[in-house]
Amino acid sequence: MPGLIGPKDYSQEPSRHPSLKINAKEPFNAEPPRAALISSYVTPVDYFYKRNHGPIPIVDNVERYSLAVGGLVKKPIELSMAEIRKLPKYNVTATLQCAGNRRTAMSKSRTVRGVGWDAAAIGNAIWGGAKLSDVLELVGISKHSSVTLSGGKHVEFISIDRCKEENGGPYKASIPLQQATNPDADVLLAYEMNGKILNRDHGYPLRVVVPGVIGARSVKWLDSIKIIEEECQGFFMQKDYKTFPPSVNWDNINWSTRRPQMDFPVQCAICSLEDEDVVKQGKIKVAGYAVSGGGRGIERVDISVDGGKTWMEAQRFQKGDGPYSSDDLNSDKWAWVFFEAVVDIPEKAEIIAKAVDSAANVQPENVETIWNLRGILNTSWHRVQVRRDSRIANSSL
């Protein structure tokens, strides 16, 4: 594509923050320390997890860049960045989460394949850009459409990057047309992140943001958008990011028996403590994030300090110090919720956090029941082991 290049090697990668935990160098995949996540409701760009499948594309001339929108439509078009910026701009606060978040913990139950993520393959940002529903109107597709006159039912996003899984071809994914044309779904063609132009790691000059859905569908470095009859047939839609029961292994897997994963389930994680931690005797603060897909809010976060025998409810909040309510119209429906509770701990404690969303979905107790060979969607109760040490001078409060 003129103006945007997908490199064949990793010789021109951007610089990254030194505090990131690197889980894979080529392609670059990294996450921040989990404690950094709860230092700010809006995740700073430097601390937003980096998930890549190939070398980072390079923009050599943004003035020459254009986005092709075509497929099963009346009037295919190409849009320059200047034309996209002339469309009504929306800011949407949305949490993106890699489907492999907390994969390392799942692998401790039984080995899985994939990048070893801790609990920080997640971040919350203010995305700025044009709504996809407005762009699709330019090619003759009305809002709230589920099928085009030519039979299109899905919207495919095609990147410029090169992935080994696609035999050197581009990353691609799709969402249903009904979702793409619904303005309330807030699907964006984003060119800003936290009020600034996207950087290279996060999709400059243009990316898709699909709120409430696993991060794999929010395609970066957009080359083109196509309206297609069936869902995308790319590798990451058909042979990855699908959930299977624990009985399925690499010898008996049949990828065609499962649909691509879209919404992410209810999830929470403790970020104020590591998996094994030592604290000062007395009260400690247990804090972290909770989030659910599909725009569902967080109804409750429960904390236990005795391995799940007894529970207390944590406080929840989003943008400020005020209380959060899942049905409050002023709440950010696509964004995470922070929680915290001050607890007394015994000499040794297993501290657990579990969340319940506004549809009464609750995290499963054990990882074994949701184990799958790709290690995705580990939403089991989050557990940390803590012991007291009165010799430590600094309180965790």
# chains A, B, ... in the order shown; residues from 1 in each chain; ligands from 1

call {"tool": "closest_atom_pairs", "arguments": {"of": "range 53-134 of chain A", "to": "range 162-181 of chain A", "cutoff": "8 Å", "atoms": "only C-alpha atoms", "output": "CSV"}}
result
residue,atom,partner,partner_atom,distance
A:His53,CA,A:Cys163,CA,5.6
A:Gly54,CA,A:Cys163,CA,5.1
A:Pro55,CA,A:Arg162,CA,7.0
A:Leu132,CA,A:Ala180,CA,6.2
A:Ser133,CA,A:Thr181,CA,4.3
A:Asp134,CA,A:Thr181,CA,7.9

call {"tool": "write_last_selection", "arguments": {"atoms": "all heavy atoms", "output": "PDB file, in the first residue's frame"}}
result
ATOM      1  N   HIS A  53       1.914  -9.981  15.797  1.00  0.00           N
ATOM      2  CA  HIS A  53       2.091 -11.256  15.106  1.00  0.00           C
ATOM      3  C   HIS A  53       3.160 -11.179  14.020  1.00  0.00           C
ATOM      4  O   HIS A  53       3.371 -12.149  13.292  1.00  0.00           O
ATOM      5  CB  HIS A  53       0.765 -11.708  14.486  1.00  0.00           C
ATOM      6  CG  HIS A  53      -0.297 -12.014  15.506  1.00  0.00           C
ATOM      7  ND1 HIS A  53      -0.381 -13.236  16.141  1.00  0.00           N
ATOM      8  CD2 HIS A  53      -1.284 -11.255  16.016  1.00  0.00           C
ATOM      9  CE1 HIS A  53      -1.396 -13.214  17.002  1.00  0.00           C
ATOM     10  NE2 HIS A  53      -1.957 -12.025  16.941  1.00  0.00           N
ATOM     11  N   GLY A  54       3.817 -10.033  13.920  1.00  0.00           N
ATOM     12  CA  GLY A  54       4.863  -9.859  12.924  1.00  0.00           C
ATOM     13  C   GLY A  54       5.576  -8.544  13.152  1.00  0.00           C
ATOM     14  O   GLY A  54       5.316  -7.836  14.147  1.00  0.00           O
ATOM     15  N   PRO A  55       6.487  -8.158  12.254  1.00  0.00           N
ATOM     16  CA  PRO A  55       7.175  -6.869  12.381  1.00  0.00           C
ATOM     17  C   PRO A  55       6.183  -5.701  12.332  1.00  0.00           C
ATOM     18  O   PRO A  55       5.155  -5.768  11.654  1.00  0.00           O
ATOM     19  CB  PRO A  55       8.111  -6.854  11.166  1.00  0.00           C
ATOM     20  CG  PRO A  55       8.288  -8.293  10.798  1.00  0.00           C
ATOM     21  CD  PRO A  55       6.986  -8.955  11.115  1.00  0.00           C
ATOM     22  N   LEU A 132     -17.430   3.158  12.544  1.00  0.00           N
ATOM     23  CA  LEU A 132     -17.473   2.297  11.362  1.00  0.00           C
ATOM     24  C   LEU A 132     -18.832   2.398  10.678  1.00  0.00           C
ATOM     25  O   LEU A 132     -18.917   2.338   9.441  1.00  0.00           O
ATOM     26  CB  LEU A 132     -17.171   0.854  11.755  1.00  0.00           C
ATOM     27  CG  LEU A 132     -17.202  -0.190  10.649  1.00  0.00           C
ATOM     28  CD1 LEU A 132     -16.205   0.142   9.544  1.00  0.00           C
ATOM     29  CD2 LEU A 132     -16.926  -1.586  11.213  1.00  0.00           C
ATOM     30  N   SER A 133     -19.893   2.562  11.457  1.00  0.00           N
ATOM     31  CA  SER A 133     -21.233   2.660  10.865  1.00  0.00           C
ATOM     32  C   SER A 133     -21.333   3.872   9.936  1.00  0.00           C
ATOM     33  O   SER A 133     -22.027   3.817   8.906  1.00  0.00           O
ATOM     34  CB  SER A 133     -22.293   2.737  11.962  1.00  0.00           C
ATOM     35  OG  SER A 133     -22.061   3.830  12.835  1.00  0.00           O
ATOM     36  N   ASP A 134     -20.644   4.964  10.279  1.00  0.00           N
ATOM     37  CA  ASP A 134     -20.649   6.143   9.401  1.00  0.00           C
ATOM     38  C   ASP A 134     -19.867   5.882   8.117  1.00  0.00           C
ATOM     39  O   ASP A 134     -20.262   6.305   7.025  1.00  0.00           O
ATOM     40  CB  ASP A 134     -20.044   7.348  10.125  1.00  0.00           C
ATOM     41  CG  ASP A 134     -20.946   7.900  11.216  1.00  0.00           C
ATOM     42  OD1 ASP A 134     -22.159   7.584  11.204  1.00  0.00           O
ATOM     43  OD2 ASP A 134     -20.446   8.644  12.090  1.00  0.00           O
TER      44      ASP A 134
END

call {"tool": "residues_around", "arguments": {"residues": "range 98-105 of chain A", "least_positions_apart": "5", "cutoff": "10 Å", "atoms": "only C-alpha atoms", "output": "ChimeraX atom specification"}}
result
/A:31,49-51,110-123,213-217,241-242,261-265,267,269,275,367,371,374-380,382-383

call {"tool": "write_last_selection", "arguments": {"atoms": "C-alpha atoms", "output": "CSV table (one decimal), in the first residue's frame"}}
result
chain,number,residue,atom,x,y,z
A,31,GLU,CA,2.9,-6.5,29.3
A,49,TYR,CA,0.2,-4.3,26.5
A,50,LYS,CA,1.8,-4.9,23.1
A,51,ARG,CA,0.4,-7.8,21.1
A,110,ARG,CA,-1.7,-28.4,32.0
A,111,THR,CA,0.7,-27.2,29.4
A,112,VAL,CA,-0.9,-25.0,26.7
A,113,ARG,CA,0.5,-23.4,23.5
A,114,GLY,CA,0.9,-19.6,23.2
A,115,VAL,CA,2.6,-16.5,24.5
A,116,GLY,CA,2.9,-16.7,28.3
A,117,TRP,CA,0.9,-13.8,29.6
A,118,ASP,CA,0.5,-12.9,33.3
A,119,ALA,CA,-2.5,-10.9,34.3
A,120,ALA,CA,-1.6,-7.6,32.5
A,121,ALA,CA,-2.4,-8.4,28.8
A,122,ILE,CA,-5.2,-5.8,29.2
A,123,GLY,CA,-5.5,-2.0,29.1
A,213,VAL,CA,-14.7,-8.2,22.1
A,214,ILE,CA,-11.3,-10.0,22.5
A,215,GLY,CA,-8.5,-7.9,21.2
A,216,ALA,CA,-7.8,-10.2,18.3
A,217,ARG,CA,-10.7,-8.6,16.4
A,241,TYR,CA,-8.9,-18.0,19.3
A,242,LYS,CA,-11.6,-20.6,19.6
A,261,GLN,CA,-14.5,-16.3,20.0
A,262,MET,CA,-15.9,-12.8,20.1
A,263,ASP,CA,-17.1,-11.3,23.5
A,264,PHE,CA,-14.8,-11.9,26.4
A,265,PRO,CA,-16.3,-13.4,29.6
A,267,GLN,CA,-12.8,-11.4,34.4
A,269,ALA,CA,-7.5,-9.9,38.7
A,275,ASP,CA,1.2,-14.5,42.9
A,367,VAL,CA,-9.0,-23.3,36.0
A,371,TRP,CA,-8.7,-25.5,30.5
A,374,ARG,CA,-4.6,-22.8,23.4
A,375,GLY,CA,-4.9,-21.4,26.9
A,376,ILE,CA,-7.3,-18.6,26.1
A,377,LEU,CA,-10.0,-17.0,28.3
A,378,ASN,CA,-8.6,-18.0,31.7
A,379,THR,CA,-11.2,-16.3,33.8
A,380,SER,CA,-11.0,-18.6,36.8
A,382,HIS,CA,-7.8,-15.1,40.7
A,383,ARG,CA,-5.7,-16.4,43.6

call {"tool": "closest_atom_pairs", "arguments": {"of": "range 169-283 of chain A", "to": "range 321-334 of chain A", "cutoff": "10 Å", "atoms": "only C-alpha atoms", "output": "tab-separated table"}}
result
residue	atom	partner	partner_atom	distance
A:Ala185	CA	A:Trp334	CA	9.5
A:Asp186	CA	A:Trp334	CA	9.1
A:Val210	CA	A:Trp334	CA	9.7
A:Pro211	CA	A:Trp334	CA	5.9
A:Gly212	CA	A:Trp334	CA	5.8
A:Val213	CA	A:Trp334	CA	9.5

call {"tool": "write_last_selection", "arguments": {"atoms": "all heavy atoms", "output": "short mmCIF file (atom, residue, chain, number, x, y, z; two decimals), in the first residue's frame"}}
result
data_model
loop_
_atom_site.label_atom_id
_atom_site.label_comp_id
_atom_site.auth_asym_id
_atom_site.auth_seq_id
_atom_site.Cartn_x
_atom_site.Cartn_y
_atom_site.Cartn_z
N ALA A 185 -22.88 0.11 19.10
CA ALA A 185 -21.79 -0.84 19.34
C ALA A 185 -20.45 -0.13 19.42
O ALA A 185 -19.45 -0.73 19.85
CB ALA A 185 -21.75 -1.91 18.25
N ASP A 186 -20.40 1.13 18.98
CA ASP A 186 -19.21 1.99 19.13
C ASP A 186 -17.96 1.43 18.47
O ASP A 186 -16.83 1.67 18.93
CB ASP A 186 -18.93 2.26 20.61
CG ASP A 186 -19.94 3.19 21.25
OD1 ASP A 186 -20.47 4.06 20.53
OD2 ASP A 186 -20.22 3.04 22.46
N VAL A 210 -12.93 -2.70 18.45
CA VAL A 210 -14.22 -3.36 18.61
C VAL A 210 -14.44 -3.56 20.11
O VAL A 210 -13.95 -4.52 20.69
CB VAL A 210 -14.27 -4.71 17.87
CG1 VAL A 210 -15.71 -5.28 17.92
CG2 VAL A 210 -13.81 -4.57 16.43
N PRO A 211 -15.16 -2.66 20.77
CA PRO A 211 -15.32 -2.75 22.23
C PRO A 211 -16.06 -4.02 22.65
O PRO A 211 -16.95 -4.51 21.96
CB PRO A 211 -16.15 -1.50 22.56
CG PRO A 211 -15.94 -0.56 21.43
CD PRO A 211 -15.80 -1.44 20.23
N GLY A 212 -15.67 -4.52 23.82
CA GLY A 212 -16.34 -5.67 24.41
C GLY A 212 -15.99 -7.01 23.81
O GLY A 212 -16.55 -8.04 24.19
N VAL A 213 -15.05 -7.02 22.88
CA VAL A 213 -14.67 -8.22 22.13
C VAL A 213 -13.19 -8.48 22.35
O VAL A 213 -12.42 -7.55 22.60
CB VAL A 213 -14.99 -8.02 20.63
CG1 VAL A 213 -14.41 -9.12 19.77
CG2 VAL A 213 -16.51 -7.93 20.43
#

call {"tool": "select_by_dssp", "arguments": {"residues": "range 87-221 of chain A", "states": "alpha helix (DSSP H)", "output": "MDAnalysis selection string"}}
result
chainID A and resid 103:109 132:137 177:180

call {"tool": "residues_around", "arguments": {"residues": "Asp306 in chain A", "least_positions_apart": "2", "cutoff": "8 Å", "atoms": "only C-alpha atoms", "output": "ChimeraX atom specification"}}
result
/A:304,308-310,349-351

call {"tool": "closest_atom_pairs", "arguments": {"of": "range 136-179 of chain A", "to": "range 57-73 of chain A", "cutoff": "10 Å", "atoms": "only C-alpha atoms", "output": "JSON lines"}}
result
{"residue": "A:Leu136", "atom": "CA", "partner": "A:Val69", "partner_atom": "CA", "distance": 8.1}
{"residue": "A:Leu138", "atom": "CA", "partner": "A:Val69", "partner_atom": "CA", "distance": 9.2}
{"residue": "A:Val139", "atom": "CA", "partner": "A:Val73", "partner_atom": "CA", "distance": 6.2}
{"residue": "A:Gly140", "atom": "CA", "partner": "A:Val73", "partner_atom": "CA", "distance": 6.8}
{"residue": "A:Ile141", "atom": "CA", "partner": "A:Val73", "partner_atom": "CA", "distance": 7.5}
{"residue": "A:Val147", "atom": "CA", "partner": "A:Leu72", "partner_atom": "CA", "distance": 9.8}
{"residue": "A:Thr148", "atom": "CA", "partner": "A:Val73", "partner_atom": "CA", "distance": 7.0}
{"residue": "A:Leu149", "atom": "CA", "partner": "A:Val73", "partner_atom": "CA", "distance": 7.8}
{"residue": "A:Ser150", "atom": "CA", "partner": "A:Leu72", "partner_atom": "CA", "distance": 5.4}
{"residue": "A:Gly151", "atom": "CA", "partner": "A:Leu72", "partner_atom": "CA", "distance": 6.9}
{"residue": "A:Gly152", "atom": "CA", "partner": "A:Leu72", "partner_atom": "CA", "distance": 5.5}
{"residue": "A:Lys153", "atom": "CA", "partner": "A:Leu72", "partner_atom": "CA", "distance": 9.1}
{"residue": "A:His154", "atom": "CA", "partner": "A:Leu72", "partner_atom": "CA", "distance": 9.7}
{"residue": "A:Val155", "atom": "CA", "partner": "A:Gly71", "partner_atom": "CA", "distance": 9.1}
{"residue": "A:Glu156", "atom": "CA", "partner": "A:Gly71", "partner_atom": "CA", "distance": 9.3}
{"residue": "A:Phe157", "atom": "CA", "partner": "A:Val69", "partner_atom": "CA", "distance": 9.6}
{"residue": "A:Ile158", "atom": "CA", "partner": "A:Ala68", "partner_atom": "CA", "distance": 9.9}
{"residue": "A:Ser159", "atom": "CA", "partner": "A:Pro57", "partner_atom": "CA", "distance": 9.4}
{"residue": "A:Ile160", "atom": "CA", "partner": "A:Pro57", "partner_atom": "CA", "distance": 7.0}
{"residue": "A:Asp161", "atom": "CA", "partner": "A:Pro57", "partner_atom": "CA", "distance": 5.9}
{"residue": "A:Arg162", "atom": "CA", "partner": "A:Pro57", "partner_atom": "CA", "distance": 8.6}

call {"tool": "select_by_dssp", "arguments": {"residues": "range 103-290 of chain A", "states": "strand (DSSP E or B)", "output": "number ranges by chain"}}
result
A: 122-131, 154-159, 163, 169, 172-176, 188-193, 196-197, 207-209, 213, 222-228, 263, 267-270, 276-279, 283-290

call {"tool": "closest_residue", "arguments": {"among": "A:Glu78, A:Glu299, A:Glu229, A:Glu13", "to": "Asn361 in chain A", "atoms": "only C-alpha atoms"}}
result
A:Glu299

call {"tool": "closest_residue", "arguments": {"among": "A:Pro27, A:Pro14, A:Gly6, A:Pro33", "to": "Asp201 in chain A", "atoms": "only C-alpha atoms"}}
result
A:Pro14

call {"tool": "closest_residue", "arguments": {"among": "A:Gly195, A:Ala290, A:Glu347, A:Ile270", "to": "Ala335 in chain A", "atoms": "only C-alpha atoms"}}
result
A:Ala290

call {"tool": "atom_distance", "arguments": {"atom1": "CA of Arg85 in chain A", "atom2": "CA of Gly129 in chain A"}}
result
7.4 Å

call {"tool": "atom_distance", "arguments": {"atom1": "CA of Met193 in chain A", "atom2": "CA of Pro88 in chain A"}}
result
16.4 Å
